[in-house]
Amino acid sequence: MNLTKFLRKNSRTLLMVFMSLLLVAFLIPNTIQGLSSRGRSRNLKLGEAYGKTIHTTDIDFMRGELSVLRRLGVPVPLPEGALLECYLLKQEAKRNGIRISNDQVKDWLRQRGVTNDYVQKIQDTTHLPYDRIYSIVGEWMAVLRLADLQTAAIAPSLPRQEIAYRDQNQEADALFSLLSAEAFLDQVPEPTDEELQAFFDQWKSVPPPGRAGGSETELEFGYRLPDRVAVEYLTLDPATVTSEVTVRGTQVRDYFDEHRNEYARVDTEAVPEPGQQAPRIQLTYEEAQDRVREDYREFRAMEMAQSIVNEMYDEAALPWHATGHDDDGFVNLPDQQISFEELRDKYAEKYPVEYARTELAGEVELRRVPIFGRSNLTEGTRRLPAARLALRVKGIINDANDTETRQQGPVLNVLEPAPVVMAPDPMYKRWAYQAVLFRVVEVAPSAPPESLDGIRDEVVSDWKLAQAFELAGQHARQLAESAREVGLEQAVADATELRDILTASEQAATQPAEENAPPPRNPQYLSNLEPFASSGLTRNSTNVKPRVGRTATLAHAVFDLANETGEHHAAAVPIANQARWVVAELREVKPIYEEPFKQQLAQSALQVRRQEIGQFARGWFDPDSISARTGFEMSEELRRSRQPREEAEESAPDEAAS
C-alpha cells in the first residue's frame, strides 16, 4: 500500500527520471563512437623529446594557445600550423628555467596597449580562466626571453665591421651604357613551327615569373596555368535599402552616445604644437544631430542588408548540415541543393539582390571581381581574402583533415556555400560593410596548357624577345671588348653598326600606329647607349641611378672589375628581368680612410649586429634547428605521414614554386 501511494505521489518525477535514462542510453553509444573515432584520428605518435613520447593529443592544445597569442599581438615567428615546433620551444624554455610571472605579463600587455576589456573579450570567447590566458602569454614570453638571452652574446668581429663599412660606404666611379632587347626585335625573323613548339615545351610547365620578372642573369618565361575556380555569388548593397530603414530619435541618441568620439571639429583658434595635429572639440548631440541621423540610417541599412544575406546563407547551407564528411574531410554533397539564381529570384521580389558568376580564374583575377574581390572572411585578427578562400576547395586541396590546412582557414567542397564574407565600403571606412554569399561551381587545378594554340601570340612574342635579348647580348659583349681596349666612351663612338640599328629601331618605334594618331613615346635607345655616370654607387647599391633602376647584381659586378688587369676595366652585365644589358666601365674605386671608419665604428658594429641577430633568429626558430636543439626524434608514423607530401613536392617542383 505504501509503495502504491509512493508511486502515485511521485509518478511525474519517476517518469522524468525514466525518460532521462532512456535519453542517456540513446546518446552514449554515439558519443562513445564519436570519441573513439576522434581518438583514432588524433592518436598519432609524433616522436620523442626530453625522454618523453609526444602524441598529437599532447600538442592539440597549442592550436587554441596560438590563437590567444595572435589575438593579443604576441609575436610568434613560426607558421600557423607549426604546433609541434611551438610545443618543443615551450618545453625548451621550461627546462632552461625561464619563468615569466602573471604580473609581468600584465605589465607587458599594458605597455602594448592591451586593455582589460580586450582581455575580457578573449575570455568570453575562449572560456579560459584569466590566469590561464596570462600563463599562456607568459610561457611564450619565456620562449622569446630564451632567444633574447642567446642573442645577447652576439658581438661582430672587427673584420666583419670593416667589411660592412666598406660595402656600405666605399664608392666606385663608373660609366654605364644601356642596350634594350626591344631595340633588336626588328632583327628577329618569324619563328618556325618547330622552334615555337620547342620553346613552348620548354616553358609550359613553369609558372609565370613574378612582378620582378625572375632572374637577372637569364630571361625566364612560364605558361603553367594557376589553380583556378569559377564562383557565383549573391550580395545586397546596403545603399539600396536605405529607404527601407525607419529611424527613431531615441535610437539616434543612443548611437551618438556609443560613437561620441567620432563627432568632433577642429579647434581653429588653438595653435598646435610643432609636429602635432590641431586639437579637436567634441560636438554636442544638437550640433551633430543631422550627421548622426544619416550615419545611423547608413548603419541600420548595413545591418539590414547583412541580415538578408545571412538569411540566404542559412537557406543555401541547410541541405549541407546533415550530409556528414567523406574520408578526406570534405562535406558530402546533399541530394538536393538550392540554386543561387533561385535564391536571387526569391529575394529580389522585395530587395535588389545581385547575382554574378565568374569564369575560371586564379586568385589574381578573382581579386579584380567587383565586390567579391574586395571581400574578406574575418577570423579573430586575421583576414582571409575571399579570392584565396575560394581556392581552398576540393580538387585543389586533397586532404581537408590535415591539421596545417585546417589552421589556415575553412576548406570547401564544390557547390558548398562558403561562410559569408564582407567587403569594405568604397571609402574603406568600414571593413565589414557589404555581405557576400558565394560558392565555388567549377575547379581547375594548376596544370600546363593543353597546347600552344590558345596562347600562340604570347609565345611568339616571348620567343622573339628571347632572340632579341641574345642579339643585344652579342652587341653588349662586343662593346665591352672594345671598351677594354679604348674605353667605353670611345667604344660607343666607334660602334657605327650598332648606332645604325638603334637609330632605325627608334625611328620605327616613334611612328604613329594609325593616321593622325599622336606618335608613341620615344624609347631613347640612342641616348641610353651614350655613356653616363652613376653617383653614390657602393657594393650595397640595389637601385642604380639614373636610368638603370633596381638590380641586385650590377654593383657587385662593377666592383669585381677592380680585379681585372689592363688599362680599361669593362664588362657586359645582363639584367634579364628588365630585358636589358648594361655595359659597365670601372674607372676608379675610391679609397676609404681609417679616421671616418673609427668615427662610425659604433654605428657600423650596430648594423652588423642587427644583421647577425636577424640571421640568428631565423636559425633559432627554424624547424630543423628546433628539432636538433631539443633532441626530437621523429617517429616512423609521422615520417610516413609526411612522406607522401614530400614525394609530391620533389616530383612536382613547379607546383611547389607556384
# chains A, B, ... in the order shown; residues from 1 in each chain; ligands from 1

$ select_by_dssp --residues "segment 220-359 of chain A" --states "strand (DSSP E)" --output "list of chain:residue names"
A:Arg228, A:Val229, A:Ala230, A:Val231, A:Glu232, A:Tyr233, A:Leu234, A:Thr235, A:Ala264, A:Arg265, A:Val266, A:Arg280, A:Ile281, A:Gln282, A:Glu354, A:Tyr355, A:Ala356, A:Arg357

$ write_last_selection --atoms "all heavy atoms" --output "compact mmCIF listing (two decimals), in the first residue's frame"
# COMPACT_ATOMS: atom_id res chain seq x y z
N ARG A 228 42.66 27.45 -60.59
CA ARG A 228 41.57 28.36 -60.98
C ARG A 228 40.22 27.79 -60.53
O ARG A 228 40.05 26.56 -60.46
CB ARG A 228 41.55 28.55 -62.50
CG ARG A 228 42.76 29.28 -63.07
CD ARG A 228 42.86 29.10 -64.56
NE ARG A 228 43.02 27.70 -64.91
CZ ARG A 228 42.57 27.14 -66.02
NH1 ARG A 228 41.90 27.86 -66.91
NH2 ARG A 228 42.76 25.87 -66.26
N VAL A 229 39.33 28.67 -60.24
CA VAL A 229 37.96 28.28 -59.89
C VAL A 229 36.99 29.27 -60.53
O VAL A 229 37.36 30.39 -60.87
CB VAL A 229 37.73 28.28 -58.36
CG1 VAL A 229 38.57 27.21 -57.68
CG2 VAL A 229 38.00 29.65 -57.77
N ALA A 230 35.77 28.82 -60.71
CA ALA A 230 34.67 29.72 -61.08
C ALA A 230 33.74 29.81 -59.87
O ALA A 230 33.44 28.79 -59.24
CB ALA A 230 33.92 29.18 -62.29
N VAL A 231 33.33 31.00 -59.53
CA VAL A 231 32.45 31.19 -58.37
C VAL A 231 31.19 31.93 -58.82
O VAL A 231 31.19 32.66 -59.81
CB VAL A 231 33.14 32.00 -57.24
CG1 VAL A 231 34.41 31.30 -56.77
CG2 VAL A 231 33.46 33.42 -57.69
N GLU A 232 30.13 31.70 -58.07
CA GLU A 232 28.93 32.51 -58.21
C GLU A 232 28.64 33.11 -56.85
O GLU A 232 28.93 32.49 -55.81
CB GLU A 232 27.75 31.68 -58.73
CG GLU A 232 27.34 30.52 -57.85
CD GLU A 232 26.13 29.79 -58.41
OE1 GLU A 232 25.63 30.18 -59.48
OE2 GLU A 232 25.67 28.82 -57.76
N TYR A 233 28.08 34.32 -56.86
CA TYR A 233 27.86 34.97 -55.56
C TYR A 233 26.62 35.85 -55.59
O TYR A 233 26.16 36.30 -56.65
CB TYR A 233 29.09 35.79 -55.15
CG TYR A 233 29.46 36.94 -56.06
CD1 TYR A 233 28.99 38.23 -55.82
CD2 TYR A 233 30.30 36.75 -57.16
CE1 TYR A 233 29.35 39.28 -56.64
CE2 TYR A 233 30.65 37.80 -57.98
CZ TYR A 233 30.18 39.07 -57.71
OH TYR A 233 30.52 40.13 -58.52
N LEU A 234 26.10 36.05 -54.39
CA LEU A 234 24.93 36.90 -54.15
C LEU A 234 25.33 38.00 -53.18
O LEU A 234 26.09 37.75 -52.24
CB LEU A 234 23.78 36.08 -53.55
CG LEU A 234 23.18 34.98 -54.42
CD1 LEU A 234 22.36 34.03 -53.56
CD2 LEU A 234 22.31 35.58 -55.52
N THR A 235 24.83 39.18 -53.40
CA THR A 235 25.13 40.28 -52.49
C THR A 235 24.01 41.30 -52.54
O THR A 235 23.19 41.31 -53.48
CB THR A 235 26.48 40.93 -52.82
OG1 THR A 235 26.82 41.88 -51.81
CG2 THR A 235 26.43 41.64 -54.17
N ALA A 264 33.50 65.34 -33.76
CA ALA A 264 34.31 66.43 -33.22
C ALA A 264 34.72 67.33 -34.37
O ALA A 264 34.71 66.93 -35.54
CB ALA A 264 35.54 65.89 -32.48
N ARG A 265 35.08 68.56 -34.05
CA ARG A 265 35.54 69.50 -35.07
C ARG A 265 36.90 70.05 -34.65
O ARG A 265 37.28 70.02 -33.47
CB ARG A 265 34.55 70.65 -35.25
CG ARG A 265 34.32 71.49 -34.00
CD ARG A 265 33.37 72.65 -34.28
NE ARG A 265 33.07 73.41 -33.09
CZ ARG A 265 33.85 74.39 -32.62
NH1 ARG A 265 34.97 74.73 -33.28
NH2 ARG A 265 33.52 75.05 -31.53
N VAL A 266 37.63 70.54 -35.63
CA VAL A 266 38.95 71.09 -35.36
C VAL A 266 38.81 72.43 -34.64
O VAL A 266 37.97 73.27 -35.01
CB VAL A 266 39.74 71.26 -36.68
CG1 VAL A 266 41.08 71.94 -36.42
CG2 VAL A 266 39.94 69.92 -37.35
N ARG A 280 40.94 68.98 -31.23
CA ARG A 280 39.56 68.86 -31.70
C ARG A 280 38.61 69.08 -30.53
O ARG A 280 38.90 68.74 -29.38
CB ARG A 280 39.32 67.48 -32.32
CG ARG A 280 40.20 67.24 -33.53
CD ARG A 280 40.09 65.81 -34.04
NE ARG A 280 38.77 65.52 -34.58
CZ ARG A 280 38.38 65.81 -35.82
NH1 ARG A 280 39.23 66.41 -36.64
NH2 ARG A 280 37.18 65.51 -36.24
N ILE A 281 37.45 69.63 -30.85
CA ILE A 281 36.42 69.94 -29.85
C ILE A 281 35.25 68.98 -30.03
O ILE A 281 34.74 68.82 -31.14
CB ILE A 281 35.94 71.40 -29.98
CG1 ILE A 281 37.12 72.36 -29.77
CG2 ILE A 281 34.82 71.68 -29.00
CD1 ILE A 281 36.75 73.81 -30.00
N GLN A 282 34.84 68.33 -28.96
CA GLN A 282 33.72 67.39 -29.00
C GLN A 282 32.42 68.14 -29.32
O GLN A 282 32.10 69.16 -28.71
CB GLN A 282 33.60 66.68 -27.66
CG GLN A 282 32.44 65.72 -27.57
CD GLN A 282 32.66 64.50 -28.44
OE1 GLN A 282 33.65 63.83 -28.31
NE2 GLN A 282 31.72 64.23 -29.32
N GLU A 354 21.80 41.12 -55.93
CA GLU A 354 22.61 40.98 -57.14
C GLU A 354 23.19 39.57 -57.21
O GLU A 354 23.60 39.01 -56.20
CB GLU A 354 23.75 41.99 -57.15
CG GLU A 354 23.30 43.44 -57.09
CD GLU A 354 24.47 44.38 -56.96
OE1 GLU A 354 25.51 44.12 -57.62
OE2 GLU A 354 24.37 45.36 -56.19
N TYR A 355 23.20 39.01 -58.42
CA TYR A 355 23.80 37.70 -58.67
C TYR A 355 24.85 37.85 -59.76
O TYR A 355 24.66 38.59 -60.73
CB TYR A 355 22.75 36.68 -59.11
CG TYR A 355 23.33 35.40 -59.67
CD1 TYR A 355 23.67 34.35 -58.83
CD2 TYR A 355 23.55 35.25 -61.04
CE1 TYR A 355 24.22 33.17 -59.33
CE2 TYR A 355 24.09 34.07 -61.56
CZ TYR A 355 24.42 33.04 -60.69
OH TYR A 355 24.96 31.87 -61.19
N ALA A 356 25.99 37.15 -59.60
CA ALA A 356 27.02 37.17 -60.63
C ALA A 356 27.77 35.85 -60.60
O ALA A 356 27.82 35.16 -59.58
CB ALA A 356 27.99 38.33 -60.40
N ARG A 357 28.36 35.52 -61.74
CA ARG A 357 29.17 34.31 -61.85
C ARG A 357 30.43 34.65 -62.64
O ARG A 357 30.36 35.36 -63.65
CB ARG A 357 28.39 33.18 -62.54
CG ARG A 357 29.24 31.95 -62.83
CD ARG A 357 28.44 30.79 -63.32
NE ARG A 357 29.32 29.68 -63.74
CZ ARG A 357 28.96 28.41 -63.72
NH1 ARG A 357 27.75 28.07 -63.31
NH2 ARG A 357 29.80 27.48 -64.11

$ residues_around --residues "His475 of chain A" --least-positions-apart "4" --cutoff "12 Å" --atoms "only C-alpha atoms" --output "ChimeraX atom specification"
/A:177-181,183-184,468-471,479-482,491-492,495-499,501-502,529,571-574,580-583

$ residues_around --residues "Glu450 of chain A" --least-positions-apart "4" --cutoff "12 Å" --atoms "only C-alpha atoms" --output "mmCIF file with all heavy atoms, in the first residue's frame"
data_model
loop_
_atom_site.group_PDB
_atom_site.id
_atom_site.type_symbol
_atom_site.label_atom_id
_atom_site.label_comp_id
_atom_site.auth_asym_id
_atom_site.auth_seq_id
_atom_site.Cartn_x
_atom_site.Cartn_y
_atom_site.Cartn_z
ATOM 1 N N PHE A 200 57.702 26.462 -76.436
ATOM 2 C CA PHE A 200 56.513 26.222 -75.605
ATOM 3 C C PHE A 200 56.733 25.027 -74.688
ATOM 4 O O PHE A 200 56.412 25.079 -73.488
ATOM 5 C CB PHE A 200 55.296 25.996 -76.493
ATOM 6 C CG PHE A 200 54.073 25.543 -75.756
ATOM 7 C CD1 PHE A 200 53.327 26.416 -74.980
ATOM 8 C CD2 PHE A 200 53.642 24.213 -75.830
ATOM 9 C CE1 PHE A 200 52.205 25.996 -74.301
ATOM 10 C CE2 PHE A 200 52.523 23.787 -75.156
ATOM 11 C CZ PHE A 200 51.796 24.673 -74.388
ATOM 12 N N ASP A 201 57.294 23.942 -75.215
ATOM 13 C CA ASP A 201 57.540 22.754 -74.400
ATOM 14 C C ASP A 201 58.521 23.047 -73.271
ATOM 15 O O ASP A 201 58.422 22.471 -72.182
ATOM 16 C CB ASP A 201 58.078 21.611 -75.266
ATOM 17 C CG ASP A 201 57.031 21.065 -76.230
ATOM 18 O OD1 ASP A 201 55.825 21.285 -75.973
ATOM 19 O OD2 ASP A 201 57.409 20.436 -77.242
ATOM 20 N N LYS A 204 56.230 25.411 -70.700
ATOM 21 C CA LYS A 204 54.809 25.197 -70.438
ATOM 22 C C LYS A 204 54.530 24.734 -69.020
ATOM 23 O O LYS A 204 53.432 24.980 -68.485
ATOM 24 C CB LYS A 204 54.219 24.199 -71.440
ATOM 25 C CG LYS A 204 54.744 22.770 -71.292
ATOM 26 C CD LYS A 204 54.110 21.837 -72.318
ATOM 27 C CE LYS A 204 54.597 20.400 -72.150
ATOM 28 N NZ LYS A 204 53.980 19.499 -73.150
ATOM 29 N N SER A 205 55.465 24.053 -68.374
ATOM 30 C CA SER A 205 55.240 23.546 -67.017
ATOM 31 C C SER A 205 55.775 24.479 -65.945
ATOM 32 O O SER A 205 55.717 24.162 -64.760
ATOM 33 C CB SER A 205 55.886 22.160 -66.859
ATOM 34 O OG SER A 205 55.275 21.216 -67.721
ATOM 35 N N TYR A 223 54.242 29.365 -68.659
ATOM 36 C CA TYR A 223 52.867 29.335 -69.176
ATOM 37 C C TYR A 223 51.954 28.427 -68.355
ATOM 38 O O TYR A 223 50.793 28.251 -68.712
ATOM 39 C CB TYR A 223 52.870 28.871 -70.639
ATOM 40 C CG TYR A 223 53.795 29.691 -71.502
ATOM 41 C CD1 TYR A 223 54.913 29.109 -72.105
ATOM 42 C CD2 TYR A 223 53.575 31.051 -71.684
ATOM 43 C CE1 TYR A 223 55.770 29.858 -72.884
ATOM 44 C CE2 TYR A 223 54.430 31.812 -72.461
ATOM 45 C CZ TYR A 223 55.529 31.216 -73.057
ATOM 46 O OH TYR A 223 56.377 31.972 -73.820
ATOM 47 N N ARG A 224 52.495 27.860 -67.280
ATOM 48 C CA ARG A 224 51.664 26.963 -66.476
ATOM 49 C C ARG A 224 50.471 27.734 -65.913
ATOM 50 O O ARG A 224 50.620 28.825 -65.357
ATOM 51 C CB ARG A 224 52.479 26.347 -65.343
ATOM 52 C CG ARG A 224 51.686 25.325 -64.543
ATOM 53 C CD ARG A 224 52.514 24.751 -63.394
ATOM 54 N NE ARG A 224 51.771 23.706 -62.716
ATOM 55 C CZ ARG A 224 51.777 22.430 -63.070
ATOM 56 N NH1 ARG A 224 52.506 22.051 -64.108
ATOM 57 N NH2 ARG A 224 51.073 21.532 -62.422
ATOM 58 N N LEU A 225 49.298 27.177 -66.054
ATOM 59 C CA LEU A 225 48.087 27.823 -65.563
ATOM 60 C C LEU A 225 48.012 27.663 -64.049
ATOM 61 O O LEU A 225 48.312 26.592 -63.515
ATOM 62 C CB LEU A 225 46.854 27.196 -66.217
ATOM 63 C CG LEU A 225 46.775 27.322 -67.737
ATOM 64 C CD1 LEU A 225 45.617 26.495 -68.278
ATOM 65 C CD2 LEU A 225 46.629 28.775 -68.144
ATOM 66 N N SER A 446 46.042 23.629 -61.012
ATOM 67 C CA SER A 446 47.171 24.107 -61.798
ATOM 68 C C SER A 446 47.689 23.020 -62.727
ATOM 69 O O SER A 446 47.862 21.868 -62.326
ATOM 70 C CB SER A 446 48.298 24.558 -60.863
ATOM 71 O OG SER A 446 49.445 24.921 -61.596
ATOM 72 N N GLY A 454 46.032 28.288 -77.804
ATOM 73 C CA GLY A 454 45.315 29.362 -77.123
ATOM 74 C C GLY A 454 46.195 30.525 -76.722
ATOM 75 O O GLY A 454 45.685 31.616 -76.423
ATOM 76 N N ILE A 455 47.517 30.323 -76.669
ATOM 77 C CA ILE A 455 48.430 31.392 -76.247
ATOM 78 C C ILE A 455 49.531 31.604 -77.296
ATOM 79 O O ILE A 455 50.619 32.062 -76.967
ATOM 80 C CB ILE A 455 49.064 31.070 -74.879
ATOM 81 C CG1 ILE A 455 49.755 29.701 -74.911
ATOM 82 C CG2 ILE A 455 48.041 31.120 -73.773
ATOM 83 C CD1 ILE A 455 50.566 29.416 -73.650
#

$ residues_around --residues "segment 413-426 of chain A" --least-positions-apart "2" --cutoff "9 Å" --atoms "only C-alpha atoms" --output "PyMOL selection string"
chain A and resi 231+306+309-310+313+316-317+320+330-333+337+371-378+385-386+389-390+392-395+410-411+428-443

$ residues_around --residues "Glu294 of chain A" --least-positions-apart "6" --cutoff "12 Å" --atoms "only C-alpha atoms" --output "PyMOL selection string"
chain A and resi 239+242-243+245-249+251-252+255-256+288+300-301

$ residues_around --residues "Val143 of chain A" --least-positions-apart "6" --cutoff "7 Å" --atoms "only C-alpha atoms" --output "PyMOL selection string"
chain A and resi 89-90+93

$ write_last_selection --atoms "all heavy atoms" --output "PDB file, in the first residue's frame"
ATOM      1  N   LEU A  89      59.456  24.334 -28.327  1.00  0.00           N
ATOM      2  CA  LEU A  89      60.049  25.581 -27.835  1.00  0.00           C
ATOM      3  C   LEU A  89      59.620  25.869 -26.397  1.00  0.00           C
ATOM      4  O   LEU A  89      60.425  26.319 -25.572  1.00  0.00           O
ATOM      5  CB  LEU A  89      59.654  26.742 -28.748  1.00  0.00           C
ATOM      6  CG  LEU A  89      60.359  26.808 -30.105  1.00  0.00           C
ATOM      7  CD1 LEU A  89      59.709  27.876 -30.985  1.00  0.00           C
ATOM      8  CD2 LEU A  89      61.846  27.105 -29.938  1.00  0.00           C
ATOM      9  N   LYS A  90      58.357  25.618 -26.068  1.00  0.00           N
ATOM     10  CA  LYS A  90      57.886  25.821 -24.698  1.00  0.00           C
ATOM     11  C   LYS A  90      58.596  24.875 -23.734  1.00  0.00           C
ATOM     12  O   LYS A  90      59.005  25.281 -22.639  1.00  0.00           O
ATOM     13  CB  LYS A  90      56.371  25.612 -24.628  1.00  0.00           C
ATOM     14  CG  LYS A  90      55.561  26.741 -25.237  1.00  0.00           C
ATOM     15  CD  LYS A  90      54.071  26.491 -25.134  1.00  0.00           C
ATOM     16  CE  LYS A  90      53.632  26.245 -23.716  1.00  0.00           C
ATOM     17  NZ  LYS A  90      52.173  26.107 -23.602  1.00  0.00           N
ATOM     18  N   ALA A  93      62.159  26.151 -23.105  1.00  0.00           N
ATOM     19  CA  ALA A  93      62.232  27.282 -22.177  1.00  0.00           C
ATOM     20  C   ALA A  93      62.041  26.821 -20.738  1.00  0.00           C
ATOM     21  O   ALA A  93      62.732  27.295 -19.825  1.00  0.00           O
ATOM     22  CB  ALA A  93      61.185  28.332 -22.551  1.00  0.00           C
TER      23      ALA A  93
END

$ select_by_dssp --residues "segment 404-533 of chain A" --states "alpha helix (DSSP H)" --output "MDAnalysis selection string"
chainID A and resid 404:407 456:486 488:494 496:509 525:529

$ residues_around --residues "Met634 of chain A" --least-positions-apart "6" --cutoff "10 Å" --atoms "only C-alpha atoms" --output "ChimeraX atom specification"
/A:45-49,54,627

$ atom_distance --atom1 "atom CA of Leu196 of chain A" --atom2 "atom CA of Gly210 of chain A"
22.9 Å

$ closest_atom_pairs --of "segment 434-526 of chain A" --to "segment 563-567 of chain A" --cutoff "9 Å" --atoms "only C-alpha atoms" --output "JSON lines"
{"residue": "A:Arg484", "atom": "CA", "partner": "A:Glu567", "partner_atom": "CA", "distance": 7.3}
{"residue": "A:Glu485", "atom": "CA", "partner": "A:Glu567", "partner_atom": "CA", "distance": 7.4}
{"residue": "A:Val486", "atom": "CA", "partner": "A:Glu567", "partner_atom": "CA", "distance": 8.6}
{"residue": "A:Gly487", "atom": "CA", "partner": "A:Glu567", "partner_atom": "CA", "distance": 8.6}

$ atom_distance --atom1 "atom CA of Ala552 of chain A" --atom2 "atom CA of Asn169 of chain A"
16.9 Å
